[in-house]
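**Q** Structure file coords_29.pdb (PDB, C-alpha atoms) is given on the next line.
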```pdb
MODEL        1
ATOM      1  CA  MET A   9     111.410 159.076 104.108  1.00  0.00           C
ATOM      2  CA  CYS A  10     108.290 157.502 105.442  1.00  0.00           C
ATOM      3  CA  LEU A  11     106.636 160.907 105.254  1.00  0.00           C
ATOM      4  CA  ALA A  12     106.144 160.961 101.486  1.00  0.00           C
ATOM      5  CA  LEU A  13     102.660 160.367 100.104  1.00  0.00           C
ATOM      6  CA  GLU A  14     101.364 158.940  96.854  1.00  0.00           C
ATOM      7  CA  GLY A  15      98.724 160.844  94.947  1.00  0.00           C
ATOM      8  CA  ARG A  16      97.140 161.330  91.534  1.00  0.00           C
ATOM      9  CA  VAL A  17      97.518 164.542  89.525  1.00  0.00           C
ATOM     10  CA  LEU A  18      94.126 166.072  88.732  1.00  0.00           C
ATOM     11  CA  GLU A  19      95.244 169.294  87.117  1.00  0.00           C
ATOM     12  CA  VAL A  20      98.446 171.175  86.254  1.00  0.00           C
ATOM     13  CA  LYS A  21      98.862 174.942  86.143  1.00  0.00           C
ATOM     14  CA  GLY A  22     102.385 176.172  85.499  1.00  0.00           C
ATOM     15  CA  LYS A  23     104.616 174.910  88.291  1.00  0.00           C
ATOM     16  CA  GLU A  24     101.705 173.867  90.451  1.00  0.00           C
ATOM     17  CA  ALA A  25      99.699 170.663  90.378  1.00  0.00           C
ATOM     18  CA  LEU A  26      96.450 169.750  92.063  1.00  0.00           C
ATOM     19  CA  VAL A  27      96.924 166.284  93.540  1.00  0.00           C
ATOM     20  CA  ASP A  28      94.384 163.921  95.041  1.00  0.00           C
ATOM     21  CA  PHE A  29      95.615 161.961  98.067  1.00  0.00           C
ATOM     22  CA  GLY A  30      92.853 159.431  98.463  1.00  0.00           C
ATOM     23  CA  GLY A  31      90.111 162.004  98.751  1.00  0.00           C
ATOM     24  CA  VAL A  32      92.155 164.895 100.149  1.00  0.00           C
ATOM     25  CA  ARG A  33      93.200 167.414  97.495  1.00  0.00           C
ATOM     26  CA  ARG A  34      96.201 169.701  97.728  1.00  0.00           C
ATOM     27  CA  LYS A  35      98.022 172.093  95.425  1.00  0.00           C
ATOM     28  CA  VAL A  36     101.658 171.010  95.323  1.00  0.00           C
ATOM     29  CA  ASN A  37     104.876 172.350  93.815  1.00  0.00           C
ATOM     30  CA  SER A  38     105.872 170.570  90.585  1.00  0.00           C
ATOM     31  CA  GLU A  39     108.655 172.877  89.440  1.00  0.00           C
ATOM     32  CA  PHE A  40     111.348 170.224  89.878  1.00  0.00           C
ATOM     33  CA  LEU A  41     109.530 167.454  88.023  1.00  0.00           C
ATOM     34  CA  LYS A  42     107.090 167.982  85.185  1.00  0.00           C
ATOM     35  CA  VAL A  43     103.828 166.118  85.622  1.00  0.00           C
ATOM     36  CA  ARG A  44     100.659 165.651  83.620  1.00  0.00           C
ATOM     37  CA  LYS A  45      97.029 165.118  84.482  1.00  0.00           C
ATOM     38  CA  GLY A  46      96.517 161.496  85.507  1.00  0.00           C
ATOM     39  CA  ASP A  47     100.114 160.898  86.643  1.00  0.00           C
ATOM     40  CA  LYS A  48     100.600 158.941  89.843  1.00  0.00           C
ATOM     41  CA  VAL A  49     103.184 160.832  91.885  1.00  0.00           C
ATOM     42  CA  LEU A  50     105.135 160.755  95.126  1.00  0.00           C
ATOM     43  CA  VAL A  51     104.966 163.995  97.085  1.00  0.00           C
ATOM     44  CA  PHE A  52     107.078 165.059 100.042  1.00  0.00           C
ATOM     45  CA  ASN A  53     106.335 168.200 102.002  1.00  0.00           C
ATOM     46  CA  ASN A  54     104.368 169.675  99.122  1.00  0.00           C
ATOM     47  CA  PHE A  55     106.988 168.915  96.442  1.00  0.00           C
ATOM     48  CA  VAL A  56     106.491 166.357  93.686  1.00  0.00           C
ATOM     49  CA  ILE A  57     109.636 164.223  93.804  1.00  0.00           C
ATOM     50  CA  GLU A  58     108.783 161.210  91.651  1.00  0.00           C
ATOM     51  CA  ARG A  59     106.460 160.010  88.928  1.00  0.00           C
ATOM     52  CA  LEU A  60     105.402 156.495  89.844  1.00  0.00           C
ATOM     53  CA  GLN A  61     104.904 153.605  87.485  1.00  0.00           C
ATOM     54  CA  GLY A  62     101.361 152.578  86.816  1.00  0.00           C
ATOM     55  CA  GLY A  63     100.347 156.188  86.513  1.00  0.00           C
TER      56      GLY A  63
ATOM     57  CA  MET B 155     113.256 163.505  84.670  1.00  0.00           C
ATOM     58  CA  PHE B 156     114.384 164.468  88.144  1.00  0.00           C
ATOM     59  CA  ARG B 157     118.116 165.143  88.134  1.00  0.00           C
ATOM     60  CA  VAL B 158     119.587 164.666  91.584  1.00  0.00           C
ATOM     61  CA  LEU B 159     122.651 166.582  92.679  1.00  0.00           C
ATOM     62  CA  PRO B 160     125.780 164.761  93.867  1.00  0.00           C
ATOM     63  CA  ILE B 161     126.121 164.177  97.601  1.00  0.00           C
ATOM     64  CA  LYS B 162     129.339 165.793  98.779  1.00  0.00           C
ATOM     65  CA  ASP B 163     129.327 164.445 102.327  1.00  0.00           C
ATOM     66  CA  LYS B 164     128.043 160.883 101.908  1.00  0.00           C
ATOM     67  CA  GLU B 165     129.087 159.778 105.372  1.00  0.00           C
ATOM     68  CA  LEU B 166     127.071 162.500 107.070  1.00  0.00           C
ATOM     69  CA  PHE B 167     124.109 161.788 104.791  1.00  0.00           C
ATOM     70  CA  LEU B 168     124.255 158.107 105.713  1.00  0.00           C
ATOM     71  CA  ARG B 169     124.493 158.782 109.448  1.00  0.00           C
ATOM     72  CA  TYR B 170     121.007 160.247 109.172  1.00  0.00           C
ATOM     73  CA  ALA B 171     119.624 158.006 106.421  1.00  0.00           C
ATOM     74  CA  ILE B 172     120.753 154.573 107.662  1.00  0.00           C
ATOM     75  CA  PRO B 173     118.509 154.668 110.762  1.00  0.00           C
ATOM     76  CA  CYS B 174     115.501 154.796 108.350  1.00  0.00           C
ATOM     77  CA  GLY B 175     116.877 151.709 106.629  1.00  0.00           C
ATOM     78  CA  GLY B 176     115.078 149.284 108.922  1.00  0.00           C
ATOM     79  CA  VAL B 177     111.749 150.709 107.753  1.00  0.00           C
ATOM     80  CA  LEU B 178     112.788 150.364 104.112  1.00  0.00           C
ATOM     81  CA  VAL B 179     113.873 146.752 104.707  1.00  0.00           C
ATOM     82  CA  ARG B 180     110.515 145.923 106.314  1.00  0.00           C
ATOM     83  CA  ARG B 181     108.732 147.496 103.320  1.00  0.00           C
ATOM     84  CA  GLY B 182     110.825 145.411 100.929  1.00  0.00           C
ATOM     85  CA  GLU B 183     112.436 148.527  99.412  1.00  0.00           C
ATOM     86  CA  LEU B 184     115.963 147.755 100.612  1.00  0.00           C
ATOM     87  CA  ARG B 185     117.853 144.494 101.052  1.00  0.00           C
ATOM     88  CA  GLU B 186     119.125 143.835 104.564  1.00  0.00           C
ATOM     89  CA  GLU B 187     122.581 142.915 103.256  1.00  0.00           C
ATOM     90  CA  LEU B 188     122.819 146.272 101.504  1.00  0.00           C
ATOM     91  CA  LEU B 189     121.858 148.055 104.705  1.00  0.00           C
ATOM     92  CA  ARG B 190     124.598 146.150 106.574  1.00  0.00           C
ATOM     93  CA  ARG B 191     127.135 147.204 103.951  1.00  0.00           C
ATOM     94  CA  LEU B 192     126.073 150.833 104.281  1.00  0.00           C
ATOM     95  CA  ASN B 193     126.381 150.537 108.043  1.00  0.00           C
ATOM     96  CA  ARG B 194     129.923 149.147 107.758  1.00  0.00           C
ATOM     97  CA  TRP B 195     130.785 151.968 105.359  1.00  0.00           C
ATOM     98  CA  VAL B 196     130.007 154.591 107.991  1.00  0.00           C
ATOM     99  CA  ARG B 197     130.981 152.625 111.114  1.00  0.00           C
ATOM    100  CA  ASP B 198     134.252 151.144 109.882  1.00  0.00           C
ATOM    101  CA  GLY B 199     135.126 153.532 107.082  1.00  0.00           C
ATOM    102  CA  GLU B 200     135.042 150.752 104.489  1.00  0.00           C
ATOM    103  CA  GLU B 201     135.334 152.182 100.990  1.00  0.00           C
ATOM    104  CA  THR B 202     132.409 151.395  98.747  1.00  0.00           C
ATOM    105  CA  ASP B 203     130.759 152.668  95.607  1.00  0.00           C
ATOM    106  CA  LEU B 204     127.171 151.951  96.586  1.00  0.00           C
ATOM    107  CA  PRO B 205     124.657 154.265  94.861  1.00  0.00           C
ATOM    108  CA  VAL B 206     123.461 156.157  97.920  1.00  0.00           C
ATOM    109  CA  GLY B 207     121.180 158.451  95.891  1.00  0.00           C
ATOM    110  CA  ASN B 208     119.260 155.523  94.427  1.00  0.00           C
ATOM    111  CA  ILE B 209     118.948 153.750  97.753  1.00  0.00           C
ATOM    112  CA  PHE B 210     117.597 156.730  99.695  1.00  0.00           C
ATOM    113  CA  LYS B 211     115.636 158.267  96.855  1.00  0.00           C
ATOM    114  CA  VAL B 212     113.263 160.504  98.790  1.00  0.00           C
ATOM    115  CA  ALA B 213     115.969 162.050 100.970  1.00  0.00           C
ATOM    116  CA  THR B 214     118.283 162.595  97.996  1.00  0.00           C
ATOM    117  CA  ARG B 215     115.579 164.269  95.941  1.00  0.00           C
ATOM    118  CA  MET B 216     114.461 166.508  98.775  1.00  0.00           C
ATOM    119  CA  CYS B 217     118.067 167.436  99.522  1.00  0.00           C
ATOM    120  CA  THR B 218     118.449 168.268  95.817  1.00  0.00           C
ATOM    121  CA  ILE B 219     115.450 170.607  95.995  1.00  0.00           C
ATOM    122  CA  LEU B 220     116.812 172.279  99.130  1.00  0.00           C
ATOM    123  CA  ALA B 221     120.276 172.634  97.595  1.00  0.00           C
ATOM    124  CA  LYS B 222     118.879 174.212  94.420  1.00  0.00           C
ATOM    125  CA  ARG B 223     116.811 176.626  96.465  1.00  0.00           C
ATOM    126  CA  LEU B 224     119.975 177.594  98.331  1.00  0.00           C
ATOM    127  CA  GLY B 225     121.760 178.142  95.018  1.00  0.00           C
ATOM    128  CA  LYS B 226     124.060 175.138  95.463  1.00  0.00           C
ATOM    129  CA  ASN B 227     125.094 172.548  92.906  1.00  0.00           C
ATOM    130  CA  GLU B 228     125.776 169.738  95.374  1.00  0.00           C
ATOM    131  CA  ILE B 229     124.320 168.286  98.555  1.00  0.00           C
ATOM    132  CA  ASP B 230     126.673 169.482 101.258  1.00  0.00           C
ATOM    133  CA  ALA B 231     126.606 169.249 105.063  1.00  0.00           C
ATOM    134  CA  GLU B 232     124.412 172.346 105.434  1.00  0.00           C
ATOM    135  CA  VAL B 233     121.785 170.909 103.100  1.00  0.00           C
ATOM    136  CA  ILE B 234     121.886 167.492 104.781  1.00  0.00           C
ATOM    137  CA  ARG B 235     121.401 168.972 108.261  1.00  0.00           C
ATOM    138  CA  ARG B 236     118.710 171.319 107.063  1.00  0.00           C
ATOM    139  CA  TYR B 237     116.797 168.432 105.535  1.00  0.00           C
ATOM    140  CA  PHE B 238     117.067 165.978 108.419  1.00  0.00           C
ATOM    141  CA  LEU B 239     117.040 168.403 111.348  1.00  0.00           C
ATOM    142  CA  ILE B 240     114.601 171.060 110.164  1.00  0.00           C
ATOM    143  CA  GLU B 241     112.578 170.130 107.069  1.00  0.00           C
ATOM    144  CA  HIS B 242     111.480 166.742 108.373  1.00  0.00           C
ATOM    145  CA  GLU B 243     109.302 168.473 110.954  1.00  0.00           C
ATOM    146  CA  LYS B 244     107.573 170.534 108.267  1.00  0.00           C
ATOM    147  CA  ALA B 245     107.010 167.382 106.248  1.00  0.00           C
ATOM    148  CA  LEU B 246     105.416 165.725 109.267  1.00  0.00           C
ATOM    149  CA  ARG B 247     103.007 168.628 109.728  1.00  0.00           C
ATOM    150  CA  TRP B 248     102.185 168.615 106.014  1.00  0.00           C
ATOM    151  CA  ARG B 249     101.523 164.891 106.033  1.00  0.00           C
ATOM    152  CA  LYS B 250      99.433 164.989 109.215  1.00  0.00           C
ATOM    153  CA  GLU B 251      97.084 167.468 107.562  1.00  0.00           C
ATOM    154  CA  ILE B 252      96.405 164.914 104.843  1.00  0.00           C
ATOM    155  CA  LYS B 253      96.672 161.674 106.845  1.00  0.00           C
ATOM    156  CA  PRO B 254      96.120 162.620 110.487  1.00  0.00           C
ATOM    157  CA  ASP B 255      95.787 159.047 111.697  1.00  0.00           C
ATOM    158  CA  LEU B 256      99.380 158.141 111.006  1.00  0.00           C
ATOM    159  CA  ASN B 257     101.915 158.155 113.844  1.00  0.00           C
ATOM    160  CA  VAL B 258     105.242 159.017 112.297  1.00  0.00           C
ATOM    161  CA  LYS B 259     106.901 160.664 115.302  1.00  0.00           C
ATOM    162  CA  GLU B 260     109.705 158.123 115.190  1.00  0.00           C
ATOM    163  CA  CYS B 261     110.683 159.248 111.691  1.00  0.00           C
ATOM    164  CA  LEU B 262     111.896 162.569 113.008  1.00  0.00           C
ATOM    165  CA  VAL B 263     115.381 163.482 114.114  1.00  0.00           C
ATOM    166  CA  TYR B 264     115.471 164.880 117.660  1.00  0.00           C
ATOM    167  CA  PRO B 265     118.049 166.807 119.645  1.00  0.00           C
ATOM    168  CA  GLY B 266     119.156 165.267 122.898  1.00  0.00           C
ATOM    169  CA  ARG B 267     121.593 165.711 125.753  1.00  0.00           C
ATOM    170  CA  ILE B 268     123.879 162.867 126.722  1.00  0.00           C
ATOM    171  CA  LEU B 269     123.307 161.552 130.243  1.00  0.00           C
ATOM    172  CA  LYS B 270     125.696 158.617 130.152  1.00  0.00           C
ATOM    173  CA  VAL B 271     128.177 157.013 127.760  1.00  0.00           C
ATOM    174  CA  SER B 272     128.825 153.299 128.075  1.00  0.00           C
ATOM    175  CA  TYR B 273     130.856 150.806 126.037  1.00  0.00           C
ATOM    176  CA  ASP B 274     128.341 150.283 123.257  1.00  0.00           C
ATOM    177  CA  LYS B 275     125.422 152.574 124.023  1.00  0.00           C
ATOM    178  CA  ILE B 276     124.619 156.142 124.948  1.00  0.00           C
ATOM    179  CA  LEU B 277     121.831 157.251 127.258  1.00  0.00           C
ATOM    180  CA  VAL B 278     120.274 160.402 125.830  1.00  0.00           C
ATOM    181  CA  LYS B 279     117.512 162.662 127.109  1.00  0.00           C
ATOM    182  CA  THR B 280     115.390 163.822 124.182  1.00  0.00           C
ATOM    183  CA  PRO B 281     111.997 165.564 123.972  1.00  0.00           C
ATOM    184  CA  LEU B 282     110.504 162.055 123.818  1.00  0.00           C
ATOM    185  CA  GLY B 283     112.176 160.948 127.062  1.00  0.00           C
ATOM    186  CA  GLU B 284     115.307 159.074 128.140  1.00  0.00           C
ATOM    187  CA  LYS B 285     116.511 156.230 125.960  1.00  0.00           C
ATOM    188  CA  PHE B 286     119.643 154.227 125.105  1.00  0.00           C
ATOM    189  CA  PHE B 287     120.879 154.787 121.561  1.00  0.00           C
ATOM    190  CA  ARG B 288     123.436 152.976 119.399  1.00  0.00           C
ATOM    191  CA  LYS B 289     126.792 154.694 119.024  1.00  0.00           C
ATOM    192  CA  ASP B 290     127.957 152.965 115.836  1.00  0.00           C
ATOM    193  CA  PHE B 291     128.572 156.225 113.998  1.00  0.00           C
ATOM    194  CA  VAL B 292     130.022 158.444 116.707  1.00  0.00           C
ATOM    195  CA  GLY B 293     133.018 158.542 118.974  1.00  0.00           C
ATOM    196  CA  ASN B 294     134.516 160.880 121.561  1.00  0.00           C
ATOM    197  CA  LEU B 295     131.220 161.911 123.062  1.00  0.00           C
ATOM    198  CA  LYS B 296     130.787 162.814 126.697  1.00  0.00           C
ATOM    199  CA  ARG B 297     128.106 163.608 129.229  1.00  0.00           C
ATOM    200  CA  ASN B 298     126.179 166.841 128.499  1.00  0.00           C
ATOM    201  CA  ASP B 299     127.092 166.914 124.797  1.00  0.00           C
ATOM    202  CA  TRP B 300     124.195 167.786 122.500  1.00  0.00           C
ATOM    203  CA  VAL B 301     123.565 165.200 119.816  1.00  0.00           C
ATOM    204  CA  SER B 302     120.994 164.426 117.138  1.00  0.00           C
ATOM    205  CA  VAL B 303     119.212 161.077 117.345  1.00  0.00           C
ATOM    206  CA  HIS B 304     117.273 159.192 114.687  1.00  0.00           C
ATOM    207  CA  TYR B 305     115.409 155.990 115.495  1.00  0.00           C
ATOM    208  CA  ASP B 306     117.920 153.980 117.591  1.00  0.00           C
ATOM    209  CA  TYR B 307     121.058 155.813 116.531  1.00  0.00           C
ATOM    210  CA  VAL B 308     123.035 158.844 117.639  1.00  0.00           C
ATOM    211  CA  ALA B 309     123.768 160.564 114.316  1.00  0.00           C
ATOM    212  CA  GLU B 310     126.268 163.223 115.371  1.00  0.00           C
ATOM    213  CA  LYS B 311     127.214 165.906 117.870  1.00  0.00           C
ATOM    214  CA  ILE B 312     125.335 169.087 116.958  1.00  0.00           C
ATOM    215  CA  LYS B 313     125.762 172.788 117.576  1.00  0.00           C
ATOM    216  CA  THR B 314     123.490 174.542 120.044  1.00  0.00           C
ATOM    217  CA  SER B 315     122.136 176.715 117.205  1.00  0.00           C
ATOM    218  CA  TYR B 316     120.546 173.592 115.706  1.00  0.00           C
ATOM    219  CA  VAL B 317     119.387 172.411 119.131  1.00  0.00           C
ATOM    220  CA  ASN B 318     117.602 175.717 119.722  1.00  0.00           C
ATOM    221  CA  ARG B 319     115.924 175.644 116.325  1.00  0.00           C
ATOM    222  CA  MET B 320     114.779 172.068 116.827  1.00  0.00           C
ATOM    223  CA  LEU B 321     113.487 172.650 120.337  1.00  0.00           C
ATOM    224  CA  LYS B 322     111.688 175.788 119.196  1.00  0.00           C
ATOM    225  CA  ARG B 323     109.940 173.883 116.407  1.00  0.00           C
ATOM    226  CA  GLY B 324     108.759 171.348 118.995  1.00  0.00           C
ATOM    227  CA  ARG B 325     107.219 174.049 121.167  1.00  0.00           C
ATOM    228  CA  ASN B 326     105.524 175.584 118.143  1.00  0.00           C
ATOM    229  CA  GLY B 327     104.443 172.244 116.696  1.00  0.00           C
TER     230      GLY B 327
ENDMDL
END
```
Please re-express this file's structure in structure tokens.

**A**
Amino acid sequence: MCLALEGRVLEVKGKEALVDFGGVRRKVNSEFLKVRKGDKVLVFNNFVIERLQGG
Amino acid sequence: MFRVLPIKDKELFLRYAIPCGGVLVRRGELREELLRRLNRWVRDGEETDLPVGNIFKVATRMCTILAKRLGKNEIDAEVIRRYFLIEHEKALRWRKEIKPDLNVKECLVYPGRILKVSYDKILVKTPLGEKFFRKDFVGNLKRNDWVSVHYDYVAEKIKTSYVNRMLKRGRNG
């Protein structure tokens, strides 16, 4: 559980989102939770699992 | 909205999730009293209706994703073991690529062989070395049994097929 990371969605394309993790960018799977550009999200092993408040 | 699937085997889920509870308490994400109640639930078989999915949100959501990918509509024992025994390692590698400075080795579940069983503790040899673990959640274990360990707890006795997969991942890691 301590392995999840918070990041900010920069771009969404289909079921994939480009997320910024404090300067490191990764394409992650967002098929299980719809996200939008600017959302603050919690990501675990490349899957978006939660939209965080304050996003 | 993320719809989580129901957890079929809550006791097994908690055997693996409770050991992470100390970290959640330190972060202020879980009350210590609640963690004690969860512990009693598994250790003493006390009936309770605590919302496990809300308490261990990350694990429940990842188990939901794994279950859906396996075509299941609930989080069963196979999904729980797959998440805690196998997927955790992948998550560690993924996270290390992004935040390499973080030491999260302790978060992982490891296989281990029992060296000695005493009244309240079990000495287990794991890939990290020999260490005494709590035996709150397990009974009827003996020397040479293979078990899974998480933080300070023995979670359960495991099959050699899981042991081999976990040891293999370590060699490849």

**Q** Quick one: of B:Ile161, B:Leu239, B:Cys174, B:Ala231, who's nearest to chain A, counting all atoms listed in the file?

**A**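 Among B:Ile161, B:Leu239, B:Cys174, B:Ala231, it is B:Cys174 that comes nearest to chain A.
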
**Q** Counting all atoms listed in the file, a student should be able to say which residues of chain A come within 12 Å of chain B; what is the right answer, written as a short mmCIF file (atom, residue, chain, number, x, y, z; two decimals) with C-alpha atoms, keeping the file's coordinate frame?

**A**
```cif
data_model
loop_
_atom_site.label_atom_id
_atom_site.label_comp_id
_atom_site.auth_asym_id
_atom_site.auth_seq_id
_atom_site.Cartn_x
_atom_site.Cartn_y
_atom_site.Cartn_z
CA MET A 9 111.41 159.08 104.11
CA CYS A 10 108.29 157.50 105.44
CA LEU A 11 106.64 160.91 105.25
CA ALA A 12 106.14 160.96 101.49
CA LEU A 13 102.66 160.37 100.10
CA GLU A 14 101.36 158.94 96.85
CA GLY A 15 98.72 160.84 94.95
CA VAL A 27 96.92 166.28 93.54
CA ASP A 28 94.38 163.92 95.04
CA PHE A 29 95.62 161.96 98.07
CA GLY A 30 92.85 159.43 98.46
CA GLY A 31 90.11 162.00 98.75
CA VAL A 32 92.16 164.90 100.15
CA ARG A 33 93.20 167.41 97.50
CA ARG A 34 96.20 169.70 97.73
CA LYS A 35 98.02 172.09 95.42
CA VAL A 36 101.66 171.01 95.32
CA ASN A 37 104.88 172.35 93.82
CA SER A 38 105.87 170.57 90.58
CA GLU A 39 108.66 172.88 89.44
CA PHE A 40 111.35 170.22 89.88
CA LEU A 41 109.53 167.45 88.02
CA LYS A 42 107.09 167.98 85.18
CA VAL A 43 103.83 166.12 85.62
CA LEU A 50 105.14 160.76 95.13
CA VAL A 51 104.97 164.00 97.08
CA PHE A 52 107.08 165.06 100.04
CA ASN A 53 106.34 168.20 102.00
CA ASN A 54 104.37 169.68 99.12
CA PHE A 55 106.99 168.92 96.44
CA VAL A 56 106.49 166.36 93.69
CA ILE A 57 109.64 164.22 93.80
CA GLU A 58 108.78 161.21 91.65
CA ARG A 59 106.46 160.01 88.93
CA LEU A 60 105.40 156.50 89.84
#
```

**Q** Find the residues around Thr280 of chain B up to 7 Å (only C-alpha atoms counted), leave out those fewer than 2 positions away in its own chain, and share them as a compact mmCIF listing (two decimals) with C-alpha atoms, in the coordinates of the input.

**A**
```txt
# COMPACT_ATOMS: atom_id res chain seq x y z
CA TYR B 264 115.47 164.88 117.66
CA PRO B 265 118.05 166.81 119.64
CA GLY B 266 119.16 165.27 122.90
CA ARG B 267 121.59 165.71 125.75
CA VAL B 278 120.27 160.40 125.83
CA LEU B 282 110.50 162.06 123.82
CA GLY B 283 112.18 160.95 127.06
CA GLU B 284 115.31 159.07 128.14
```

**Q** Got a sec to resolve the PyMOL selection byres ((chain B and resi 292) around 10) on this structure and send the residues as a VMD selection string?

**A** chain B and resid 169 196 to 197 288 to 291 293 to 295 301 307 to 311

**Q** Taking only C-alpha atoms into account, name the residue in B:Leu189, B:Val271, B:Leu166, B:Ile172 that is nearest to Ile234 of chain B.

**A**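 Of B:Leu189, B:Val271, B:Leu166, B:Ile172, the one nearest Ile234 of chain B, counting only C-alpha atoms, is B:Leu166.
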
**Q** Grab the atom CA of Arg235 of chain B to atom CA of Asp163 of chain B distance for me, in Å with one decimal place.

**A**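 A separation of 10.9 Å between them.
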
**Q** If I take atom CA of Lys164 of chain B and atom CA of Phe287 of chain B, how far is one from the other in Å, to one decimal?

**A**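 Here the two named atoms are 21.8 Å from each other.
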
**Q** Run through the PyMOL selection byres ((chain B and resi 191) around 12) on the given coordinates and return the selected residues as a PyMOL selection string.

**A** chain B and resi 168+172+175+184-190+192-206

**Q** So the first atom is atom CA of Gly225 of chain B and the second is atom CA of Met320 of chain B; what is the distance between them in Å, to one decimal place?

**A** 23.7 Å

**Q** Return as a VMD selection string the set of residues that the PyMOL selection byres ((chain A and resi 18) around 9) yields on the displayed structure.

**A** chain A and resid 16 to 17 19 to 20 25 to 28 33 44 to 47

**Q** Give me, as a list of chain:residue names, all polymer residues having an atom no more than 12 Å from Lys322 of chain B, counting only C-alpha atoms and skipping those fewer than 4 positions away in the same chain.

**A**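 Here the qualifying residues turn out to be B:Ile240, B:Glu243, B:Tyr264, B:Pro265, B:Pro281, B:Thr314, B:Ser315, B:Tyr316, B:Val317, B:Asn318, B:Asn326, B:Gly327.
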